[in-house]
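Dumped structure-v3.cif below, it's mmCIF, C-alpha atoms and all ligand atoms:
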```
data_final
#
loop_
_atom_site.label_atom_id
_atom_site.label_comp_id
_atom_site.auth_asym_id
_atom_site.auth_seq_id
_atom_site.Cartn_x
_atom_site.Cartn_y
_atom_site.Cartn_z
CA MET A 13 171.89 258.21 -32.66
CA GLU A 14 175.03 257.48 -30.70
CA LEU A 15 177.39 260.19 -31.86
CA THR A 16 175.54 263.07 -30.30
CA ARG A 17 177.09 266.42 -29.42
CA LEU A 18 178.84 266.84 -26.07
CA ARG A 19 177.05 268.22 -23.03
CA GLY A 20 177.21 272.02 -22.93
CA PHE A 21 178.04 272.26 -26.64
CA ARG A 22 175.44 273.60 -29.03
CA ASP A 23 174.46 273.30 -32.65
CA LEU A 24 173.04 276.59 -33.85
CA ILE A 25 170.85 276.17 -36.86
CA GLY A 26 169.05 278.95 -38.69
CA ALA A 27 167.36 281.51 -36.43
CA ASP A 28 169.61 280.73 -33.41
CA ALA A 29 172.72 281.23 -35.50
CA SER A 30 171.41 284.40 -37.15
CA ALA A 31 170.59 285.98 -33.81
CA MET A 32 174.25 285.44 -32.87
CA SER A 33 175.46 286.88 -36.18
CA LEU A 34 173.25 289.90 -35.69
CA VAL A 35 174.88 290.67 -32.33
CA GLU A 36 178.32 290.13 -33.78
CA GLU A 37 177.69 292.33 -36.82
CA ARG A 38 176.29 295.21 -34.79
CA ALA A 39 179.21 295.00 -32.37
CA ARG A 40 181.68 295.02 -35.24
CA VAL A 41 180.10 298.08 -36.86
CA LEU A 42 180.19 299.86 -33.51
CA ALA A 43 183.81 298.87 -32.79
CA GLU A 44 184.84 300.31 -36.12
CA ARG A 45 182.94 303.50 -35.35
CA TYR A 46 184.98 303.67 -32.13
CA SER A 47 188.16 303.49 -34.20
CA MET A 48 189.09 299.96 -33.14
CA LYS A 49 191.09 297.46 -35.17
CA GLU A 50 190.46 293.76 -35.39
CA VAL A 51 192.81 291.21 -33.85
CA ARG A 52 192.64 287.45 -34.45
CA ILE A 53 194.42 285.21 -32.01
CA PRO A 54 194.73 281.43 -31.59
CA VAL A 55 192.12 279.29 -29.86
CA LEU A 56 194.88 277.15 -28.33
CA GLU A 57 197.49 278.69 -26.00
CA ARG A 58 199.83 277.56 -23.25
CA THR A 59 197.87 276.78 -20.08
CA GLN A 60 200.41 278.91 -18.22
CA LEU A 61 199.17 282.01 -20.04
CA TYR A 62 195.86 281.76 -18.20
CA GLN A 63 197.45 280.79 -14.89
CA ARG A 64 199.52 283.97 -15.02
CA SER A 65 196.70 286.32 -16.05
CA THR A 66 193.20 285.03 -15.40
CA GLY A 67 194.63 283.82 -12.08
CA GLU A 68 195.45 280.59 -10.24
CA THR A 69 192.59 281.13 -7.82
CA SER A 70 189.93 282.03 -10.37
CA ASP A 71 187.21 279.44 -11.03
CA ILE A 72 188.25 279.44 -14.68
CA VAL A 73 191.80 278.29 -14.01
CA GLU A 74 190.98 276.19 -10.95
CA LYS A 75 188.33 274.05 -12.55
CA GLN A 76 187.03 275.12 -15.93
CA MET A 77 189.81 274.86 -18.48
CA TYR A 78 190.02 272.26 -21.23
CA THR A 79 193.69 271.55 -20.88
CA PHE A 80 195.93 268.76 -22.17
CA ALA A 81 199.54 267.92 -22.95
CA ASP A 82 200.26 268.42 -26.62
CA ARG A 83 202.18 265.56 -28.24
CA ASP A 84 205.10 267.70 -29.36
CA GLU A 85 208.60 267.15 -28.01
CA GLY A 86 208.32 269.08 -24.80
CA GLU A 87 204.72 267.95 -24.22
CA THR A 88 203.65 271.58 -23.86
CA VAL A 89 200.58 271.86 -21.66
CA VAL A 90 197.99 273.74 -23.68
CA ALA A 91 194.44 274.96 -23.12
CA LEU A 92 191.46 275.93 -25.25
CA ARG A 93 191.05 279.63 -24.55
CA PRO A 94 188.52 280.26 -21.76
CA GLU A 95 188.56 284.02 -22.46
CA GLY A 96 190.18 286.38 -24.94
CA THR A 97 192.01 288.95 -22.81
CA PRO A 98 195.17 286.93 -21.99
CA GLY A 99 195.74 285.97 -25.63
CA VAL A 100 195.28 289.54 -26.81
CA VAL A 101 197.69 290.83 -24.16
CA ARG A 102 200.22 288.16 -25.17
CA ALA A 103 199.85 289.04 -28.86
CA TYR A 104 200.22 292.75 -28.06
CA ILE A 105 203.47 292.15 -26.18
CA GLU A 106 204.75 289.60 -28.67
CA ALA A 107 204.26 292.07 -31.52
CA GLY A 108 206.31 294.60 -29.51
CA LEU A 109 203.44 297.09 -29.46
CA ASP A 110 203.87 297.79 -25.74
CA ARG A 111 207.18 299.46 -26.66
CA THR A 112 206.74 300.68 -30.22
CA ASP A 113 203.12 301.80 -30.38
CA PRO A 114 201.47 301.24 -27.01
CA GLU A 115 198.17 302.97 -27.62
CA GLN A 116 196.01 300.34 -29.29
CA ARG A 117 192.26 299.81 -29.60
CA LEU A 118 191.52 296.22 -30.54
CA PHE A 119 188.47 293.99 -30.96
CA TYR A 120 188.04 290.25 -31.49
CA SER A 121 185.29 287.72 -31.87
CA GLY A 122 185.20 283.97 -31.52
CA PRO A 123 184.56 280.85 -29.46
CA MET A 124 185.72 280.41 -25.86
CA PHE A 125 185.67 277.19 -23.83
CA ARG A 126 184.91 276.70 -20.14
CA ARG A 127 184.02 273.42 -18.50
CA GLU A 128 181.15 274.88 -16.47
CA ARG A 129 177.92 273.22 -15.40
CA PRO A 130 175.68 273.79 -18.41
CA GLN A 131 172.38 275.60 -18.04
CA LYS A 132 170.39 278.15 -20.03
CA GLY A 133 172.83 280.86 -21.08
CA ARG A 134 175.85 278.92 -19.82
CA TYR A 135 177.63 276.69 -22.28
CA ARG A 136 180.98 274.94 -22.53
CA GLN A 137 181.62 276.49 -25.91
CA PHE A 138 180.31 280.02 -26.12
CA TYR A 139 181.14 283.09 -28.15
CA GLN A 140 182.52 286.44 -27.10
CA PHE A 141 182.95 289.72 -28.88
CA GLY A 142 185.69 291.47 -26.95
CA VAL A 143 187.41 294.82 -26.89
CA GLU A 144 190.81 295.64 -25.36
CA VAL A 145 192.24 299.16 -25.21
CA PHE A 146 195.90 299.63 -24.27
CA GLY A 147 197.88 302.68 -23.21
CA ARG A 148 194.95 304.72 -21.89
CA PRO A 149 195.03 305.00 -18.08
CA ASP A 150 192.63 307.98 -18.07
CA ALA A 151 189.05 307.88 -16.81
CA ALA A 152 187.77 309.24 -20.14
CA CYS A 153 188.70 305.92 -21.68
CA ASP A 154 186.66 303.99 -19.08
CA ALA A 155 183.72 306.26 -19.83
CA GLU A 156 184.10 305.83 -23.57
CA ILE A 157 184.10 302.04 -23.20
CA LEU A 158 180.95 302.16 -21.07
CA ILE A 159 179.28 304.57 -23.50
CA MET A 160 180.08 302.11 -26.28
CA ILE A 161 178.41 299.25 -24.38
CA ASP A 162 175.40 301.46 -23.64
CA GLU A 163 175.17 302.32 -27.33
CA LEU A 164 175.33 298.67 -28.37
CA CYS A 165 172.55 297.63 -25.98
CA ARG A 166 170.41 300.52 -27.17
CA ASP A 167 171.11 299.69 -30.78
CA LEU A 168 170.06 296.07 -30.16
CA LYS A 169 167.05 297.37 -28.17
CA VAL A 170 167.49 294.85 -25.33
CA PRO A 171 166.32 296.05 -21.92
CA PHE A 172 169.46 296.25 -19.78
CA THR A 173 171.03 297.57 -16.57
CA MET A 174 174.63 298.60 -16.19
CA GLU A 175 176.45 298.15 -12.89
CA ILE A 176 179.84 299.65 -12.15
CA ASN A 177 182.25 299.55 -9.25
CA SER A 178 185.85 300.35 -8.45
CA ILE A 179 187.95 297.64 -6.82
CA GLY A 180 191.01 299.85 -6.32
CA ASP A 181 194.58 299.25 -7.39
CA GLN A 182 197.78 297.59 -6.14
CA LYS A 183 198.12 300.41 -3.64
CA CYS A 184 194.74 300.36 -1.92
CA ARG A 185 193.49 296.83 -2.62
CA PRO A 186 195.64 295.14 0.08
CA ALA A 187 193.77 296.99 2.84
CA PHE A 188 190.40 296.02 1.35
CA ARG A 189 191.58 292.44 0.97
CA GLU A 190 192.71 292.33 4.57
CA ALA A 191 189.38 293.77 5.75
CA LEU A 192 187.58 291.02 3.85
CA VAL A 193 189.77 288.32 5.40
CA GLN A 194 188.97 289.70 8.87
CA TRP A 195 185.27 289.84 8.05
CA GLY A 196 185.37 286.29 6.63
CA ARG A 197 187.02 284.93 9.78
CA ALA A 198 184.44 286.72 11.94
CA HIS A 199 181.60 285.12 9.93
CA TRP A 200 183.25 281.73 9.41
CA ASP A 201 180.31 279.61 10.57
CA ALA A 202 177.82 281.36 8.31
CA LEU A 203 179.96 281.03 5.18
CA CYS A 204 179.83 278.14 2.72
CA ASP A 205 182.69 275.70 2.06
CA ASP A 206 183.65 277.49 -1.14
CA CYS A 207 184.04 280.69 0.85
CA HIS A 208 186.16 278.97 3.49
CA ASN A 209 188.58 278.16 0.71
CA ARG A 210 188.38 281.67 -0.66
CA ILE A 211 189.27 283.47 2.57
CA ASP A 212 193.00 283.04 2.14
CA ARG A 213 193.25 282.33 -1.57
CA ASN A 214 190.95 284.97 -3.06
CA PRO A 215 189.02 286.87 -0.39
CA LEU A 216 187.43 289.28 -2.92
CA ARG A 217 185.35 286.38 -4.13
CA LEU A 218 183.68 286.13 -0.69
CA LEU A 219 181.37 288.79 -2.08
CA ASP A 220 180.20 286.32 -4.73
CA CYS A 221 178.93 283.84 -2.10
CA LYS A 222 175.85 282.41 -3.72
CA ILE A 223 174.62 280.60 -0.63
CA ASP A 224 174.08 283.64 1.49
CA ALA A 225 173.88 286.85 -0.52
CA LYS A 226 172.27 288.62 2.45
CA LEU A 227 175.26 287.95 4.66
CA THR A 228 177.62 289.77 2.30
CA GLU A 229 175.66 292.98 2.83
CA SER A 230 177.61 293.43 6.05
CA ALA A 231 180.96 292.80 4.31
CA PRO A 232 183.48 295.59 3.70
CA LYS A 233 182.97 297.53 0.46
CA SER A 234 185.79 298.28 -1.94
CA LEU A 235 184.65 301.90 -2.35
CA ASP A 236 185.38 302.57 1.34
CA TYR A 237 189.00 301.55 0.85
CA LEU A 238 189.93 303.44 -2.33
CA CYS A 239 193.05 305.60 -2.26
CA GLY A 240 192.78 309.22 -3.39
CA GLU A 241 193.80 308.49 -7.00
CA CYS A 242 191.39 305.57 -7.39
CA ARG A 243 188.57 307.59 -5.88
CA ALA A 244 189.22 310.55 -8.19
CA HIS A 245 189.39 308.20 -11.18
CA PHE A 246 186.07 306.60 -10.27
CA ASP A 247 184.44 309.99 -9.64
CA THR A 248 185.52 311.18 -13.08
CA VAL A 249 184.17 308.02 -14.73
CA LYS A 250 180.79 308.58 -13.09
CA GLU A 251 180.78 312.26 -13.95
CA LEU A 252 181.50 311.54 -17.63
CA LEU A 253 178.82 308.87 -17.79
CA ILE A 254 176.30 311.30 -16.39
CA ALA A 255 177.41 313.92 -18.92
CA ALA A 256 176.88 311.35 -21.70
CA ASN A 257 173.47 310.44 -20.33
CA VAL A 258 174.39 306.82 -19.59
CA GLN A 259 172.25 305.18 -16.90
CA PHE A 260 174.22 303.10 -14.40
CA ILE A 261 174.05 301.74 -10.88
CA VAL A 262 177.05 301.65 -8.54
CA ASN A 263 177.20 298.12 -7.13
CA PRO A 264 179.79 298.12 -4.36
CA ARG A 265 179.60 294.32 -4.05
CA MET A 266 180.64 293.55 -7.63
CA VAL A 267 184.18 292.14 -7.73
CA ARG A 268 184.42 290.02 -10.94
CA GLY A 269 185.86 286.52 -10.94
CA LEU A 270 189.10 287.16 -12.83
CA ASP A 271 192.28 288.22 -11.07
CA TYR A 272 193.64 290.94 -13.30
CA TYR A 273 191.16 293.74 -12.68
CA THR A 274 192.04 297.10 -11.14
CA ARG A 275 189.88 300.16 -10.54
CA THR A 276 186.75 300.20 -12.75
CA ALA A 277 184.82 296.94 -13.09
CA PHE A 278 181.42 296.59 -14.71
CA GLU A 279 178.67 294.19 -15.70
CA VAL A 280 175.61 294.61 -17.86
CA MET A 281 172.53 292.50 -17.23
CA ALA A 282 169.71 291.90 -19.70
CA GLY A 283 166.16 290.75 -19.08
CA GLY A 284 164.56 287.44 -20.08
CA LEU A 285 167.59 285.30 -19.30
CA GLY A 286 167.02 283.83 -15.83
CA ALA A 287 170.09 283.19 -13.68
CA GLN A 288 172.70 283.81 -16.39
CA SER A 289 171.75 287.38 -17.12
CA THR A 290 175.15 289.05 -17.46
CA VAL A 291 175.54 289.81 -21.16
CA VAL A 292 178.59 292.08 -21.05
CA ALA A 293 181.38 292.27 -18.49
CA GLY A 294 184.82 293.75 -18.14
CA GLY A 295 187.01 296.31 -16.49
CA ARG A 296 190.38 297.95 -16.20
CA TYR A 297 193.57 295.85 -15.84
CA ASP A 298 196.41 298.31 -15.48
CA GLY A 299 199.04 295.88 -14.15
CA LEU A 300 198.42 292.98 -16.53
CA VAL A 301 200.70 293.84 -19.46
CA GLU A 302 203.62 294.26 -17.06
CA THR A 303 202.80 291.05 -15.12
CA MET A 304 202.95 289.18 -18.40
CA GLY A 305 206.40 290.49 -19.23
CA GLY A 306 205.57 293.64 -21.15
CA ALA A 307 206.03 297.33 -20.40
CA ALA A 308 203.95 299.12 -17.76
CA VAL A 309 200.99 299.89 -20.02
CA ALA A 310 197.42 300.41 -18.82
CA GLY A 311 194.58 298.32 -20.21
CA ILE A 312 190.81 298.17 -20.15
CA GLY A 313 188.30 296.01 -21.97
CA PHE A 314 185.14 293.99 -21.96
CA ALA A 315 183.52 291.01 -23.60
CA ILE A 316 179.98 290.59 -24.82
CA GLY A 317 178.55 287.10 -24.26
CA ILE A 318 177.17 286.72 -27.77
CA ASP A 319 175.11 283.62 -26.92
CA ARG A 320 173.38 285.37 -24.05
CA MET A 321 172.86 288.61 -25.93
CA ALA A 322 171.27 286.60 -28.76
CA LEU A 323 169.00 284.81 -26.26
CA ALA A 324 167.97 288.18 -24.83
CA LEU A 325 167.12 289.43 -28.32
CA GLN A 326 165.10 286.31 -29.07
CA ALA A 327 163.31 286.52 -25.70
CA ALA A 328 162.30 290.10 -26.51
CA GLY A 329 161.21 289.15 -30.04
CA LEU A 330 163.95 291.38 -31.46
CA ALA A 331 165.68 288.85 -33.69
CA PRO A 332 163.73 288.92 -36.94
CA ALA A 333 163.50 285.60 -38.75
CA ALA A 334 165.13 285.78 -42.15
CA ALA A 335 162.61 285.06 -44.90
CA PRO A 336 162.92 285.40 -48.67
CA ASP A 337 161.21 288.21 -50.52
CA ALA A 338 160.12 285.85 -53.24
CA ALA A 339 159.86 282.18 -54.14
CA ILE A 340 160.22 281.48 -57.84
CA ILE A 341 157.92 278.83 -59.28
CA ALA A 342 158.65 277.57 -62.81
CA MET A 343 156.24 275.31 -64.67
CA GLY A 344 158.12 273.09 -67.13
CA PRO A 345 161.66 272.97 -68.59
CA ALA A 346 161.44 276.10 -70.78
CA ALA A 347 160.06 278.09 -67.85
CA THR A 348 162.89 276.78 -65.64
CA ARG A 349 165.51 278.20 -68.00
CA HIS A 350 163.72 281.50 -68.02
CA ALA A 351 163.06 281.51 -64.26
CA ILE A 352 166.68 280.88 -63.35
CA VAL A 353 167.60 284.09 -65.17
CA VAL A 354 164.70 286.01 -63.59
CA ALA A 355 165.85 284.80 -60.14
CA ARG A 356 169.36 285.99 -60.83
CA ASN A 357 168.18 289.43 -61.96
CA LEU A 358 166.02 289.79 -58.87
CA ARG A 359 168.97 288.97 -56.63
CA GLU A 360 171.00 291.59 -58.45
CA ALA A 361 168.19 294.00 -57.56
CA ASN A 362 168.98 293.13 -53.89
CA LEU A 363 166.03 290.85 -53.32
CA ASN A 364 166.29 287.65 -51.30
CA VAL A 365 165.03 284.98 -53.65
CA GLU A 366 164.61 281.21 -53.44
CA MET A 367 163.98 279.23 -56.59
CA LEU A 368 161.75 276.25 -55.85
CA SER A 369 162.04 272.81 -57.39
CA PRO A 370 160.55 272.75 -60.90
CA GLU A 371 159.74 269.08 -60.40
CA ARG A 372 156.82 269.53 -58.04
CA LYS A 373 153.17 270.44 -58.48
CA MET A 374 151.86 274.00 -58.20
CA LYS A 375 149.89 273.29 -55.01
CA ALA A 376 152.91 271.88 -53.19
CA LEU A 377 155.06 274.76 -54.42
CA LEU A 378 152.67 277.43 -53.16
CA ALA A 379 152.57 275.63 -49.81
CA ARG A 380 156.36 275.60 -49.76
CA ALA A 381 156.50 279.32 -50.62
CA SER A 382 154.27 280.09 -47.63
CA LYS A 383 156.23 277.77 -45.36
CA ILE A 384 159.52 279.54 -46.01
CA GLY A 385 157.79 282.84 -45.25
CA ALA A 386 158.17 284.36 -48.74
CA ARG A 387 156.15 287.53 -49.21
CA ALA A 388 155.55 286.77 -52.87
CA ALA A 389 155.60 283.87 -55.29
CA VAL A 390 156.75 284.60 -58.83
CA ILE A 391 155.02 282.13 -61.16
CA ILE A 392 156.42 281.53 -64.64
CA GLY A 393 154.92 279.16 -67.24
CA ASP A 394 155.24 278.83 -71.03
CA ASP A 395 152.39 281.27 -71.55
CA GLU A 396 154.14 283.91 -69.42
CA ILE A 397 157.40 283.47 -71.34
CA ALA A 398 155.61 283.98 -74.64
CA ARG A 399 154.14 287.25 -73.41
CA GLY A 400 157.24 288.50 -71.52
CA VAL A 401 155.43 288.62 -68.19
CA VAL A 402 155.40 286.89 -64.78
CA GLN A 403 152.62 286.36 -62.22
CA VAL A 404 153.47 287.93 -58.85
CA ARG A 405 151.34 286.40 -56.12
CA ASP A 406 151.08 288.28 -52.84
CA LEU A 407 151.07 285.39 -50.36
CA LYS A 408 149.83 287.42 -47.44
CA HIS A 409 146.79 288.86 -49.19
CA SER A 410 146.29 285.98 -51.67
CA THR A 411 146.13 288.38 -54.60
CA GLN A 412 147.87 287.97 -57.93
CA ARG A 413 149.15 290.45 -60.49
CA GLU A 414 150.58 289.99 -63.93
CA VAL A 415 153.57 292.27 -64.49
CA THR A 416 156.36 292.54 -67.06
CA VAL A 417 159.69 290.98 -66.08
CA ALA A 418 161.10 294.49 -65.71
CA GLU A 419 158.39 295.38 -63.18
CA ALA A 420 158.73 292.18 -61.15
CA ALA A 421 161.18 293.54 -58.55
CA ARG A 422 158.90 296.45 -57.72
CA ALA A 423 155.82 294.21 -57.50
CA ILE A 424 157.64 291.83 -55.14
CA ALA A 425 158.81 294.70 -52.95
CA ALA A 426 155.20 295.89 -52.64
CA ALA A 427 153.81 292.43 -51.80
CA GLY A 428 152.80 291.61 -48.23
CA LYS A 429 152.59 295.27 -47.19
CA GLU A 430 149.48 296.46 -45.37
P1 LIG A 501 183.78 287.14 -18.19
O1 LIG A 501 182.94 287.87 -17.21
O2 LIG A 501 184.40 285.87 -17.73
O3 LIG A 501 184.90 288.17 -18.66
O4 LIG A 501 182.95 286.84 -19.50
C1 LIG A 501 182.32 287.89 -20.22
C2 LIG A 501 180.97 287.45 -20.68
O5 LIG A 501 181.04 286.24 -21.45
C3 LIG A 501 179.99 287.09 -19.56
O6 LIG A 501 179.39 288.25 -19.02
C4 LIG A 501 178.98 286.24 -20.30
O7 LIG A 501 178.05 287.04 -21.00
C5 LIG A 501 179.85 285.50 -21.29
N1 LIG A 501 180.14 284.16 -20.78
C6 LIG A 501 181.08 283.79 -19.89
N2 LIG A 501 181.04 282.47 -19.66
C7 LIG A 501 180.04 281.96 -20.40
C8 LIG A 501 179.48 280.67 -20.62
N3 LIG A 501 179.98 279.60 -20.02
N4 LIG A 501 178.43 280.54 -21.47
C9 LIG A 501 177.93 281.62 -22.11
N5 LIG A 501 178.41 282.87 -21.96
C10 LIG A 501 179.46 283.04 -21.12
C11 LIG A 501 185.87 287.88 -19.57
O8 LIG A 501 185.89 286.88 -20.24
C12 LIG A 501 186.88 288.97 -19.75
N6 LIG A 501 187.90 288.50 -20.70
C13 LIG A 501 186.23 290.25 -20.23
C14 LIG A 501 187.22 291.34 -20.38
C15 LIG A 501 187.79 291.77 -21.52
N7 LIG A 501 187.75 292.06 -19.40
C16 LIG A 501 188.60 292.91 -19.90
N8 LIG A 501 188.66 292.73 -21.18
#
```

The structure in this file should be written as structure tokens.
Ligand code: HAM
Amino acid sequence: MELTRLRGFRDLIGADASAMSLVEERARVLAERYSMKEVRIPVLERTQLYQRSTGETSDIVEKQMYTFADRDEGETVVALRPEGTPGVVRAYIEAGLDRTDPEQRLFYSGPMFRRERPQKGRYRQFYQFGVEVFGRPDAACDAEILIMIDELCRDLKVPFTMEINSIGDQKCRPAFREALVQWGRAHWDALCDDCHNRIDRNPLRLLDCKIDAKLTESAPKSLDYLCGECRAHFDTVKELLIAANVQFIVNPRMVRGLDYYTRTAFEVMAGGLGAQSTVVAGGRYDGLVETMGGAAVAGIGFAIGIDRMALALQAAGLAPAAAPDAAIIAMGPAATRHAIVVARNLREANLNVEMLSPERKMKALLARASKIGARAAVIIGDDEIARGVVQVRDLKHSTQREVTVAEAARAIAAAGKE
């Protein structure tokens, strides 16, 4: 086959797709319980949008965007969205909400595109479920967001750890930045080439040096540079998390790779994923709405990496395979007409039912019923029609019962139980 899929792009068939849907559905239910409203935004935006928000010196903008000149008159340079936050902020400003109704709690879900080196848990098209809350500069909002993430991970039952940090604000970050530049210069020879580039362009990222994680232990920590307000904010966040019984670790080396963050930043790691273990990440971005031309409105949000969360569920055996309750087997044309109605009635009784081909032999059909994981086979022949009954075969215990059509749903529900 020549027309294969592109590197880093995935086809998700059956169980892999359902594990993703499961994550998405649970997140949606939770978002609604947290009084959030859905927002749908375009997949294609101006490249400039990401340059202005995600940041010129971020890996995403520097090297990972799928960007091209559109063939319209002005040849607008556009990009497939690498993340959802900039588009949501743009939509928020463009709808005038920053001025008319600034307090908004929004969620979104959909594909994102980054031209990264593919590996397990890292894809070029991946899916995020994101949340953005505007107009809430208070620490209680940070805590609520983190409690929501904690609740989601508990609901999904994945083993996880939550790390939080504060990276300060426009007032105190410059001193931290400067301290990192000084430290970087002092350790120049030990740092990698990437870090040499980062020293002037984006010194916070020195803390992400993958080559020598040990070295960064001696680097300045953001928490030591926080101004009074940022420190009080962070203390309140921690206090509220403790009150809500949320387990977290303060990781003073976490800086996040996107430029817009202020104050609280966080990442959640799940087990069973190898190197790409961060399943949820986000933080506060109080200056972003203003930077992008809106009013001075605070913001905070996060995104769940749906692909990774689904992999974590599958690794822990927590993504149940969907299987029908019953396979319907009809023997002959009259039985087929009858069986199609029985199948429909069973579905109306909320059972998951697959009608098998009436053109195959009983042995092959029973094998098929087992293969698709059905708990029961409902067998209907001319004799059954005449007597108003069906045979319900428990495929796990290899037992068979004759029941009236009216009793079939209950017999199927009981099949396969211990
Ligand atoms: P991010 O850390 O770039 O943040 O991505 C969030 C999550 O998306 C990651 O933790 C990971 O689970 C998933 N993810 C990222 N890249 C890939 C990839 N190539 N393959 C698979 N999964 C991936 C953001 O995107 C921010 N917009 C989050 C945010 C919202 N901050 C505030 N509001």

Counting all atoms listed in the file, find residues at most 12 Å from (154.1, 271.6, -58.0) (file frame) and give them as a PyMOL selection string.
chain A and resi 340-344+368-381+391+393

Kindly list the centre and edge lengths in Å, rounded to one decimal, for the axis-aligned box that covers all listed atoms of ligand LIG 501 (chain A) plus 3 Å on each of its six sides, as lines of an AutoDock Vina configuration file.
```
center_x = 183.3
center_y = 286.3
center_z = -19.7
size_x = 16.7
size_y = 19.3
size_z = 10.9
```

Please indicate the distance in Å from CA of Leu253 (chain A) to CA of Gly294 (chain A), rounded to one decimal place.
16.3 Å

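Considering the residues A:Asp201, A:Gly306, A:Met160, A:Ala361 and counting all atoms listed in the file, Thr112 (chain A) has its shortest atom-to-atom contact with A:Gly306.
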
Record the distance separating CA of Arg111 (chain A) and CA of Gly305 (chain A), expressed in Å with one decimal.
11.7 Å

Rank nothing, just name the residue among A:Cys239, A:Ile105, A:Ala43, A:Leu92 nearest to Thr59 (chain A), using only C-alpha atoms.
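Closest residue, counting only C-alpha atoms: A:Leu92.
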
Return as an mmCIF file with C-alpha atoms, in the frame of the given file the residues of protein, DNA or RNA that approach ligand LIG 501 (chain A) to within 6 Å, with only C-alpha atoms and all ligand atoms taken into account.
```cif
data_model
loop_
_atom_site.group_PDB
_atom_site.id
_atom_site.type_symbol
_atom_site.label_atom_id
_atom_site.label_comp_id
_atom_site.auth_asym_id
_atom_site.auth_seq_id
_atom_site.Cartn_x
_atom_site.Cartn_y
_atom_site.Cartn_z
ATOM 1 C CA GLU A 95 188.560 284.020 -22.460
ATOM 2 C CA GLY A 96 190.180 286.380 -24.940
ATOM 3 C CA THR A 97 192.010 288.950 -22.810
ATOM 4 C CA ARG A 126 184.910 276.700 -20.140
ATOM 5 C CA GLY A 133 172.830 280.860 -21.080
ATOM 6 C CA ARG A 134 175.850 278.920 -19.820
ATOM 7 C CA TYR A 135 177.630 276.690 -22.280
ATOM 8 C CA ARG A 136 180.980 274.940 -22.530
ATOM 9 C CA PHE A 138 180.310 280.020 -26.120
ATOM 10 C CA GLN A 140 182.520 286.440 -27.100
ATOM 11 C CA GLY A 142 185.690 291.470 -26.950
ATOM 12 C CA GLU A 144 190.810 295.640 -25.360
ATOM 13 C CA THR A 290 175.150 289.050 -17.460
ATOM 14 C CA VAL A 291 175.540 289.810 -21.160
ATOM 15 C CA VAL A 292 178.590 292.080 -21.050
ATOM 16 C CA ALA A 293 181.380 292.270 -18.490
ATOM 17 C CA GLY A 294 184.820 293.750 -18.140
ATOM 18 C CA GLY A 295 187.010 296.310 -16.490
ATOM 19 C CA ILE A 312 190.810 298.170 -20.150
ATOM 20 C CA GLY A 313 188.300 296.010 -21.970
ATOM 21 C CA PHE A 314 185.140 293.990 -21.960
ATOM 22 C CA ALA A 315 183.520 291.010 -23.600
ATOM 23 C CA ILE A 316 179.980 290.590 -24.820
ATOM 24 C CA GLY A 317 178.550 287.100 -24.260
ATOM 25 C CA ASP A 319 175.110 283.620 -26.920
ATOM 26 C CA ARG A 320 173.380 285.370 -24.050
#
```
